[in-house]
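Dumped work_9.cif below, it's mmCIF, C-alpha atoms:
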data_upload
loop_
_atom_site.group_PDB
_atom_site.id
_atom_site.type_symbol
_atom_site.label_atom_id
_atom_site.label_comp_id
_atom_site.auth_asym_id
_atom_site.auth_seq_id
_atom_site.Cartn_x
_atom_site.Cartn_y
_atom_site.Cartn_z
ATOM 1 C CA MET A 154 -36.423 21.176 6.367
ATOM 2 C CA LYS A 155 -35.183 18.249 8.409
ATOM 3 C CA PHE A 156 -35.515 14.641 7.223
ATOM 4 C CA GLU A 157 -38.005 13.944 10.041
ATOM 5 C CA GLU A 158 -40.184 16.839 8.925
ATOM 6 C CA ILE A 159 -40.130 15.581 5.356
ATOM 7 C CA GLY A 160 -41.211 12.198 6.666
ATOM 8 C CA LYS A 161 -44.090 13.794 8.540
ATOM 9 C CA LEU A 162 -45.094 15.727 5.433
ATOM 10 C CA PHE A 163 -45.095 12.517 3.407
ATOM 11 C CA GLN A 164 -47.125 10.771 6.096
ATOM 12 C CA SER A 165 -49.637 13.607 6.152
ATOM 13 C CA ILE A 166 -49.992 13.483 2.368
ATOM 14 C CA GLU A 167 -50.237 9.710 2.547
ATOM 15 C CA LEU A 168 -53.084 9.835 5.016
ATOM 16 C CA ARG A 169 -54.916 12.276 2.802
ATOM 17 C CA LEU A 170 -54.294 10.060 -0.204
ATOM 18 C CA ARG A 171 -55.316 7.003 1.809
ATOM 19 C CA GLY A 172 -52.336 4.730 1.477
ATOM 20 C CA ARG A 173 -48.635 4.478 0.899
ATOM 21 C CA SER A 174 -49.052 3.080 -2.605
ATOM 22 C CA ALA A 175 -50.647 6.325 -3.826
ATOM 23 C CA ILE A 176 -47.753 8.498 -2.652
ATOM 24 C CA VAL A 177 -45.219 6.036 -4.083
ATOM 25 C CA ALA A 178 -47.028 6.072 -7.426
ATOM 26 C CA ILE A 179 -47.141 9.894 -7.513
ATOM 27 C CA GLY A 180 -43.491 10.209 -6.447
ATOM 28 C CA ALA A 181 -42.390 7.660 -9.015
ATOM 29 C CA GLY A 182 -44.397 9.526 -11.646
ATOM 30 C CA ILE A 183 -42.652 12.827 -10.780
ATOM 31 C CA LEU A 184 -39.228 11.173 -10.968
ATOM 32 C CA VAL A 185 -40.061 9.579 -14.333
ATOM 33 C CA VAL A 186 -41.149 12.980 -15.716
ATOM 34 C CA ALA A 187 -37.916 14.548 -14.397
ATOM 35 C CA LEU A 188 -35.937 11.736 -16.026
ATOM 36 C CA TRP A 189 -37.711 12.363 -19.315
ATOM 37 C CA LEU A 190 -36.910 16.090 -19.088
ATOM 38 C CA MET A 191 -33.262 15.306 -18.428
ATOM 39 C CA MET A 192 -32.992 12.903 -21.343
ATOM 40 C CA LYS A 193 -34.969 15.120 -23.733
ATOM 41 C CA ASP A 194 -32.062 17.509 -24.194
ATOM 42 C CA TYR A 195 -29.310 14.922 -23.859
ATOM 43 C CA ALA A 196 -27.561 16.181 -27.012
ATOM 44 C CA ALA A 197 -27.207 19.708 -25.554
ATOM 45 C CA HIS A 198 -25.551 18.645 -22.276
ATOM 46 C CA PRO A 199 -24.707 14.917 -22.351
ATOM 47 C CA MET A 200 -22.575 14.886 -19.201
ATOM 48 C CA PHE A 201 -25.145 16.725 -17.076
ATOM 49 C CA SER A 202 -28.012 14.569 -18.435
ATOM 50 C CA ALA A 203 -26.113 11.343 -17.771
ATOM 51 C CA ILE A 204 -25.284 12.282 -14.174
ATOM 52 C CA ALA A 205 -28.787 13.637 -13.467
ATOM 53 C CA ALA A 206 -30.437 10.620 -15.091
ATOM 54 C CA SER A 207 -28.300 8.238 -13.010
ATOM 55 C CA CYS A 208 -29.280 10.106 -9.860
ATOM 56 C CA LEU A 209 -32.943 10.069 -10.826
ATOM 57 C CA VAL A 210 -32.909 6.333 -11.620
ATOM 58 C CA GLY A 211 -31.195 5.678 -8.286
ATOM 59 C CA GLY A 212 -33.747 7.869 -6.535
ATOM 60 C CA LEU A 213 -36.586 6.108 -8.317
ATOM 61 C CA LEU A 214 -35.325 2.687 -7.169
ATOM 62 C CA ILE A 215 -34.903 3.915 -3.579
ATOM 63 C CA PHE A 216 -38.357 5.449 -3.662
ATOM 64 C CA LEU A 217 -39.948 2.259 -4.974
ATOM 65 C CA GLY A 218 -37.960 0.235 -2.435
ATOM 66 C CA PHE A 219 -39.224 2.483 0.370
ATOM 67 C CA GLY A 220 -42.781 1.951 -0.816
ATOM 68 C CA LEU A 221 -42.601 -1.791 -1.375
ATOM 69 C CA LEU A 222 -40.255 -2.932 1.367
ATOM 70 C CA GLY A 223 -41.162 -0.478 4.142
ATOM 71 C CA LYS A 224 -42.572 -1.868 7.363
ATOM 72 C CA THR A 225 -46.356 -1.930 7.494
ATOM 73 C CA ARG A 226 -47.715 0.719 9.807
ATOM 74 C CA PRO A 227 -50.682 0.085 12.119
ATOM 75 C CA GLU A 228 -52.989 2.341 10.090
ATOM 76 C CA GLU A 229 -52.246 0.242 6.989
ATOM 77 C CA ILE A 230 -53.332 -3.040 8.556
ATOM 78 C CA PRO A 231 -57.003 -3.677 7.891
ATOM 79 C CA ASP A 232 -59.169 -4.277 10.943
ATOM 80 C CA LYS A 233 -59.735 -7.999 11.326
ATOM 81 C CA SER A 234 -62.651 -9.401 13.178
ATOM 82 C CA PHE A 235 -64.391 -12.700 13.572
ATOM 83 C CA MET A 236 -67.776 -13.281 15.110
ATOM 84 C CA HIS A 237 -69.657 -16.487 15.730
ATOM 85 C CA VAL A 238 -73.303 -16.497 16.666
ATOM 86 C CA ASP A 239 -73.768 -19.941 18.159
ATOM 87 C CA SER A 240 -77.557 -19.854 18.369
ATOM 88 C CA MET A 241 -77.845 -19.081 14.660
ATOM 89 C CA GLY A 242 -74.876 -21.156 13.517
ATOM 90 C CA ILE A 243 -73.341 -18.245 11.596
ATOM 91 C CA TYR A 244 -69.820 -16.930 11.319
ATOM 92 C CA VAL A 245 -68.920 -13.392 10.254
ATOM 93 C CA ALA A 246 -65.318 -12.760 9.237
ATOM 94 C CA HIS A 247 -64.154 -9.263 8.310
ATOM 95 C CA GLY A 248 -60.848 -7.904 7.025
ATOM 96 C CA ILE A 249 -59.224 -11.281 6.385
ATOM 97 C CA GLY A 250 -57.383 -10.696 3.163
ATOM 98 C CA SER A 251 -56.259 -14.120 2.084
ATOM 99 C CA HIS A 252 -57.665 -17.602 1.714
ATOM 100 C CA ARG A 253 -54.679 -18.931 3.681
ATOM 101 C CA ASP A 254 -55.436 -16.680 6.669
ATOM 102 C CA MET A 255 -59.060 -17.774 6.556
ATOM 103 C CA VAL A 256 -58.064 -21.459 6.539
ATOM 104 C CA HIS A 257 -55.751 -20.791 9.495
ATOM 105 C CA LEU A 258 -58.595 -19.090 11.353
ATOM 106 C CA MET A 259 -60.994 -21.936 10.603
ATOM 107 C CA ARG A 260 -58.543 -24.440 12.030
ATOM 108 C CA HIS A 261 -58.774 -22.580 15.346
ATOM 109 C CA VAL A 262 -62.558 -22.447 15.095
ATOM 110 C CA PHE A 263 -62.831 -26.169 14.377
ATOM 111 C CA GLY A 264 -60.493 -26.872 17.299
ATOM 112 C CA LEU A 265 -58.499 -29.270 15.120
ATOM 113 C CA LYS A 266 -55.198 -29.918 16.862
ATOM 114 C CA LYS A 267 -52.432 -31.883 15.195
ATOM 115 C CA LEU A 268 -52.679 -35.607 15.837
ATOM 116 C CA PRO A 269 -49.709 -37.563 17.194
ATOM 117 C CA PRO A 270 -48.030 -40.031 14.842
ATOM 118 C CA PRO A 271 -49.864 -43.373 14.811
ATOM 119 C CA SER A 272 -48.032 -46.551 15.747
ATOM 120 C CA HIS A 273 -49.902 -48.861 13.353
ATOM 121 C CA VAL A 274 -52.207 -48.781 10.385
ATOM 122 C CA ILE A 275 -55.202 -51.139 10.396
ATOM 123 C CA LYS A 276 -55.873 -53.398 7.411
ATOM 124 C CA GLY A 277 -59.368 -54.631 8.162
ATOM 125 C CA SER A 278 -61.330 -54.465 11.390
ATOM 126 C CA ALA A 279 -59.731 -52.793 14.406
ATOM 127 C CA SER A 280 -61.217 -55.571 16.572
ATOM 128 C CA ASN A 281 -58.464 -57.953 15.478
ATOM 129 C CA PRO A 282 -54.924 -56.881 16.477
ATOM 130 C CA GLU A 283 -53.573 -59.178 13.758
ATOM 131 C CA ASN A 284 -54.826 -56.574 11.309
ATOM 132 C CA TYR A 285 -52.467 -53.993 12.780
ATOM 133 C CA VAL A 286 -49.439 -53.261 10.636
ATOM 134 C CA ALA A 287 -46.596 -51.518 12.469
ATOM 135 C CA LEU A 288 -45.313 -48.273 11.021
ATOM 136 C CA THR A 289 -41.765 -47.017 11.058
ATOM 137 C CA ALA A 290 -41.139 -43.507 12.435
ATOM 138 C CA GLU A 291 -40.835 -42.220 8.894
ATOM 139 C CA GLN A 292 -44.091 -43.884 7.813
ATOM 140 C CA SER A 293 -45.885 -42.472 10.876
ATOM 141 C CA ARG A 294 -44.720 -38.986 10.014
ATOM 142 C CA ALA A 295 -45.848 -39.500 6.431
ATOM 143 C CA VAL A 296 -49.325 -40.593 7.621
ATOM 144 C CA ILE A 297 -49.657 -37.491 9.788
ATOM 145 C CA ALA A 298 -48.373 -35.286 6.979
ATOM 146 C CA LYS A 299 -51.108 -36.775 4.798
ATOM 147 C CA VAL A 300 -53.712 -36.134 7.526
ATOM 148 C CA GLU A 301 -52.501 -32.529 7.843
ATOM 149 C CA GLU A 302 -52.701 -32.105 4.080
ATOM 150 C CA GLY A 303 -56.216 -33.546 4.174
ATOM 151 C CA ILE A 304 -57.234 -31.116 6.937
ATOM 152 C CA GLY A 305 -55.875 -28.239 4.854
ATOM 153 C CA GLY A 306 -57.994 -29.351 1.896
ATOM 154 C CA PHE A 307 -61.028 -29.989 4.102
ATOM 155 C CA LEU A 308 -60.861 -26.499 5.633
ATOM 156 C CA SER A 309 -60.039 -24.927 2.300
ATOM 157 C CA ASP A 310 -63.180 -26.493 0.793
ATOM 158 C CA PHE A 311 -65.190 -25.305 3.779
ATOM 159 C CA VAL A 312 -63.900 -21.731 3.405
ATOM 160 C CA ARG A 313 -64.517 -21.793 -0.382
ATOM 161 C CA HIS A 314 -68.036 -23.074 0.201
ATOM 162 C CA ALA A 315 -68.677 -20.531 2.982
ATOM 163 C CA THR A 316 -67.403 -17.588 0.912
ATOM 164 C CA SER A 317 -69.371 -18.685 -2.165
ATOM 165 C CA GLU A 318 -72.444 -18.829 0.037
ATOM 166 C CA SER A 319 -71.787 -15.330 1.388
ATOM 167 C CA ASP A 320 -73.987 -13.717 -1.296
ATOM 168 C CA ARG A 321 -76.960 -15.676 -0.025
ATOM 169 C CA PRO A 322 -78.808 -15.057 3.246
ATOM 170 C CA GLN A 323 -76.572 -16.310 6.053
ATOM 171 C CA ILE A 324 -79.143 -17.084 8.686
ATOM 172 C CA VAL A 325 -80.268 -20.656 8.375
ATOM 173 C CA GLU A 326 -82.413 -22.781 10.567
ATOM 174 C CA HIS A 327 -80.325 -24.871 12.946
ATOM 175 C CA LEU A 328 -81.148 -28.513 12.407
ATOM 176 C CA PRO A 329 -80.504 -30.562 15.538
ATOM 177 C CA GLU A 330 -78.190 -33.509 15.054
ATOM 178 C CA GLN A 331 -79.571 -36.962 15.609
ATOM 179 C CA GLY A 332 -79.358 -37.696 19.308
ATOM 180 C CA ASP A 333 -79.741 -34.049 20.369
ATOM 181 C CA GLU A 334 -83.189 -34.755 21.780
ATOM 182 C CA THR A 335 -82.817 -37.047 24.767
ATOM 183 C CA PRO A 336 -85.016 -37.485 27.808
ATOM 184 C CA PRO A 337 -83.845 -35.824 31.020
ATOM 185 C CA ILE A 338 -81.770 -37.826 33.503
ATOM 186 C CA LYS A 339 -82.628 -37.959 37.157
ATOM 187 C CA GLY A 340 -80.164 -36.189 39.424
ATOM 188 C CA LYS A 341 -78.550 -37.995 42.362
ATOM 189 C CA LEU A 342 -77.899 -36.499 45.785
ATOM 190 C CA MET B 241 -62.465 -9.979 18.517
ATOM 191 C CA SER B 242 -59.078 -9.779 16.868
ATOM 192 C CA ILE B 243 -57.502 -12.856 15.286
ATOM 193 C CA THR B 244 -54.156 -11.763 16.700
ATOM 194 C CA SER B 245 -55.356 -12.658 20.184
ATOM 195 C CA GLN B 246 -56.024 -16.166 21.483
ATOM 196 C CA LEU B 247 -59.287 -17.375 20.002
ATOM 197 C CA PRO B 248 -61.791 -18.938 22.352
ATOM 198 C CA ARG B 249 -62.763 -22.486 21.436
ATOM 199 C CA LEU B 250 -65.833 -22.355 19.260
ATOM 200 C CA PRO B 251 -67.829 -25.299 18.013
ATOM 201 C CA PRO B 252 -67.736 -25.836 14.252
ATOM 202 C CA PRO B 253 -70.884 -26.016 12.136
ATOM 203 C CA PRO B 254 -72.804 -29.261 12.814
ATOM 204 C CA GLY B 255 -71.656 -32.274 10.835
ATOM 205 C CA ARG B 256 -68.282 -30.823 9.866
ATOM 206 C CA LEU B 257 -65.689 -33.206 11.273
ATOM 207 C CA TYR B 258 -62.475 -34.461 9.729
ATOM 208 C CA LEU B 259 -62.482 -38.224 9.219
ATOM 209 C CA VAL B 260 -59.534 -40.264 10.454
ATOM 210 C CA GLU B 261 -59.752 -44.021 10.016
ATOM 211 C CA ASN B 262 -57.807 -47.264 10.350
ATOM 212 C CA LEU B 263 -55.053 -45.970 12.627
ATOM 213 C CA VAL B 264 -53.677 -47.100 15.984
ATOM 214 C CA PHE B 265 -52.469 -44.543 18.500
ATOM 215 C CA ASN B 266 -50.306 -45.692 21.341
ATOM 216 C CA GLY B 267 -49.491 -43.717 24.468
ATOM 217 C CA ASP B 268 -50.462 -40.394 22.993
ATOM 218 C CA HIS B 269 -52.398 -37.285 23.920
ATOM 219 C CA ILE B 270 -55.240 -36.896 21.457
ATOM 220 C CA GLN B 271 -57.432 -33.832 21.012
ATOM 221 C CA LEU B 272 -60.765 -35.319 19.939
ATOM 222 C CA ASP B 273 -62.468 -32.049 18.976
ATOM 223 C CA GLY B 274 -63.036 -31.650 15.255
ATOM 224 C CA TYR B 275 -62.276 -35.290 14.407
ATOM 225 C CA HIS B 276 -64.376 -38.272 13.435
ATOM 226 C CA PHE B 277 -62.418 -41.421 14.260
ATOM 227 C CA ARG B 278 -63.584 -44.579 12.497
ATOM 228 C CA ASN B 279 -62.190 -48.068 13.034
ATOM 229 C CA CYS B 280 -59.289 -46.724 15.094
ATOM 230 C CA ALA B 281 -57.653 -48.199 18.195
ATOM 231 C CA PHE B 282 -56.254 -46.295 21.138
ATOM 232 C CA ALA B 283 -53.908 -47.783 23.708
ATOM 233 C CA GLU B 284 -52.667 -45.937 26.786
ATOM 234 C CA CYS B 285 -54.043 -42.695 25.378
ATOM 235 C CA VAL B 286 -55.181 -39.487 27.039
ATOM 236 C CA PHE B 287 -58.155 -37.925 25.284
ATOM 237 C CA HIS B 288 -58.622 -34.175 25.519
ATOM 238 C CA ILE B 289 -62.140 -32.844 25.027
ATOM 239 C CA SER B 290 -63.067 -29.180 25.056
ATOM 240 C CA ALA B 291 -66.043 -28.406 22.805
ATOM 241 C CA GLY B 292 -67.279 -32.008 22.571
ATOM 242 C CA ASN B 293 -67.663 -31.943 18.789
ATOM 243 C CA PHE B 294 -66.205 -35.305 17.845
ATOM 244 C CA LYS B 295 -67.318 -38.783 16.813
ATOM 245 C CA LEU B 296 -65.975 -42.216 17.577
ATOM 246 C CA GLU B 297 -67.249 -44.946 15.271
ATOM 247 C CA GLU B 298 -66.407 -48.562 16.088
ATOM 248 C CA CYS B 299 -63.218 -47.585 17.856
ATOM 249 C CA PHE B 300 -61.286 -49.685 20.358
ATOM 250 C CA LEU B 301 -60.013 -48.394 23.667
ATOM 251 C CA GLN B 302 -57.320 -50.766 24.829
ATOM 252 C CA THR B 303 -55.762 -51.189 28.283
ATOM 253 C CA ASN B 304 -55.510 -47.884 30.138
ATOM 254 C CA TRP B 305 -57.012 -44.698 28.823
ATOM 255 C CA TRP B 306 -57.849 -41.357 30.351
ATOM 256 C CA VAL B 307 -59.953 -38.354 29.486
ATOM 257 C CA LYS B 308 -59.102 -34.767 30.260
ATOM 258 C CA PHE B 309 -62.165 -32.518 30.143
ATOM 259 C CA GLU B 310 -61.371 -28.917 29.338
ATOM 260 C CA GLY B 311 -63.399 -25.749 28.774
ATOM 261 C CA ASN B 312 -67.149 -26.224 28.565
ATOM 262 C CA ALA B 313 -66.803 -30.020 28.441
ATOM 263 C CA GLN B 314 -65.495 -29.883 32.017
ATOM 264 C CA LYS B 315 -68.695 -28.224 33.234
ATOM 265 C CA VAL B 316 -70.858 -30.743 31.383
ATOM 266 C CA PHE B 317 -68.857 -33.563 32.916
ATOM 267 C CA LYS B 318 -69.209 -32.122 36.436
ATOM 268 C CA LEU B 319 -72.960 -31.964 36.005
ATOM 269 C CA ALA B 320 -73.079 -35.419 34.426
ATOM 270 C CA SER B 321 -71.158 -36.866 37.387
ATOM 271 C CA MET B 322 -74.129 -35.909 39.596
ATOM 272 C CA MET B 323 -76.646 -37.924 37.557
ATOM 273 C CA ASP B 324 -78.313 -41.123 38.614
ATOM 274 C CA TRP B 325 -76.783 -43.375 35.961
ATOM 275 C CA GLN B 326 -79.061 -46.311 36.862
ATOM 276 C CA SER B 327 -81.991 -44.467 35.300
ATOM 277 C CA VAL B 328 -80.172 -43.173 32.235
ATOM 278 C CA SER B 329 -81.802 -43.665 28.842
ATOM 279 C CA PRO B 330 -79.757 -45.605 26.243
ATOM 280 C CA ASN B 331 -79.582 -42.420 24.165
ATOM 281 C CA TYR B 332 -77.041 -41.088 26.635
ATOM 282 C CA LYS B 333 -74.871 -44.170 26.552
ATOM 283 C CA PRO B 334 -72.221 -45.088 24.006
ATOM 284 C CA VAL B 335 -73.046 -47.928 21.630
ATOM 285 C CA TRP B 336 -70.996 -51.060 22.304
ATOM 286 C CA HIS B 337 -70.665 -53.300 19.261
ATOM 287 C CA PRO B 338 -70.416 -57.111 19.441
ATOM 288 C CA SER B 339 -66.843 -56.802 18.155
ATOM 289 C CA GLY B 340 -65.937 -54.856 21.307
ATOM 290 C CA GLY B 341 -65.788 -51.531 19.529
ATOM 291 C CA VAL B 342 -67.544 -48.432 20.798
ATOM 292 C CA SER B 343 -69.383 -45.673 18.979
ATOM 293 C CA ILE B 344 -70.092 -42.205 20.308
ATOM 294 C CA THR B 345 -71.901 -40.260 17.630
#

Hey, can you dump this file as structure tokens for me?
Amino acid sequence: MKFEEIGKLFQSIELRLRGRSAIVAIGAGILVVALWLMMKDYAAHPMFSAIAASCLVGGLLIFLGFGLLGKTRPEEIPDKSFMHVDSMGIYVAHGIGSHRDMVHLMRHVFGLKKLPPPSHVIKGSASNPENYVALTAEQSRAVIAKVEEGIGGFLSDFVRHATSESDRPQIVEHLPEQGDETPPIKGKL
Amino acid sequence: MSITSQLPRLPPPPGRLYLVENLVFNGDHIQLDGYHFRNCAFAECVFHISAGNFKLEECFLQTNWWVKFEGNAQKVFKLASMMDWQSVSPNYKPVWHPSGGVSIT
């Protein structure tokens, strides 16, 4: 049987077992049992047991390495989807496995782009330019780093809140913001 | 919709804006969406607006400034440019403070 055919056989078994981890666990289990059998009668044939055990340990490490370090195949990537129903104000995210990915996604949804470094910080009212304190390039970068950190926390809180709310009914009444209701304006021709 | 593809710009839930205050931006391109600017000053800046979910609170626009309308905001602006601004209700206008600051909330 060629190596390619063995690979196909493994893949077929994998698909039946639903996942690479299952086949790795079974394979590792078989190798461990074989290792135990080899070491059981070590006194009877020490040289053979030592060589066989070394081979089995090597094989076990390669097998585990194949399972853990192998490239993810398309069928192993969960389907990810994101839906926003504007009229209801709801978001439905599916298949997003980590909090970090969710925060990253929310940053796109919020449309929050990175701000440029500020030139000054204001100590008091912005109406008086005397209140402007110039920042060095390093200080500007530090301010923006702090803003970015704040955005990360802000979105992280939002995601935590949204996921904790996911057990409750998601459809809520949309409350118009103040200023939403304005009289119509006359068109000009 | 897959997150691996380019996401269309979606408005965030109402009232969820990130507050930035007491900063001066000079000669920069600033994406307003998602931010609530309070007591900030902008000089020679280009504002980019796409979804229109932003707030300016007592901010100062100094010397030259420009706005680039993108996405849906561009369509709203095109329609707004056809309005008879003499008859516009104050609700549609920004609030100018005695200090010279402006609020758009």

> Of the residues B:Cys299, B:Leu259, B:Ile289, B:Leu272, which is the one nearest to Pro334 in chain B, using only C-alpha atoms?
Replying inline: B:Cys299

>> So that I can see what lies close to range 195-211 of chain A, please list as a list in words the residues with an atom at most 12 Å from it, counting only C-alpha atoms and leaving out residues fewer than 4 positions away in the same chain.
In response: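 Here the answer would be Gly180, Ala181, Gly182, Ile183, Leu184, Val185, Val186, Ala187, Leu188, Trp189, Leu190, Met191, Ile215, Phe216, Leu217 and Gly218 of chain A.
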
> So what do you get for CA of Gly292 in chain B versus CA of Ala313 in chain B, distance-wise?
Replying inline: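 Those two atoms sit 6.2 Å apart.
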
> Can you tell me how far CA of Cys280 in chain B sits from CA of Phe309 in chain B, in Å to one decimal?
Replying inline: 20.9 Å

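Minimum atom-to-atom distance to Ser343 in chain B, evaluated using all atoms listed in the file, belongs to B:Glu297 out of B:Arg256, B:Glu297, B:His269, B:Gln314.
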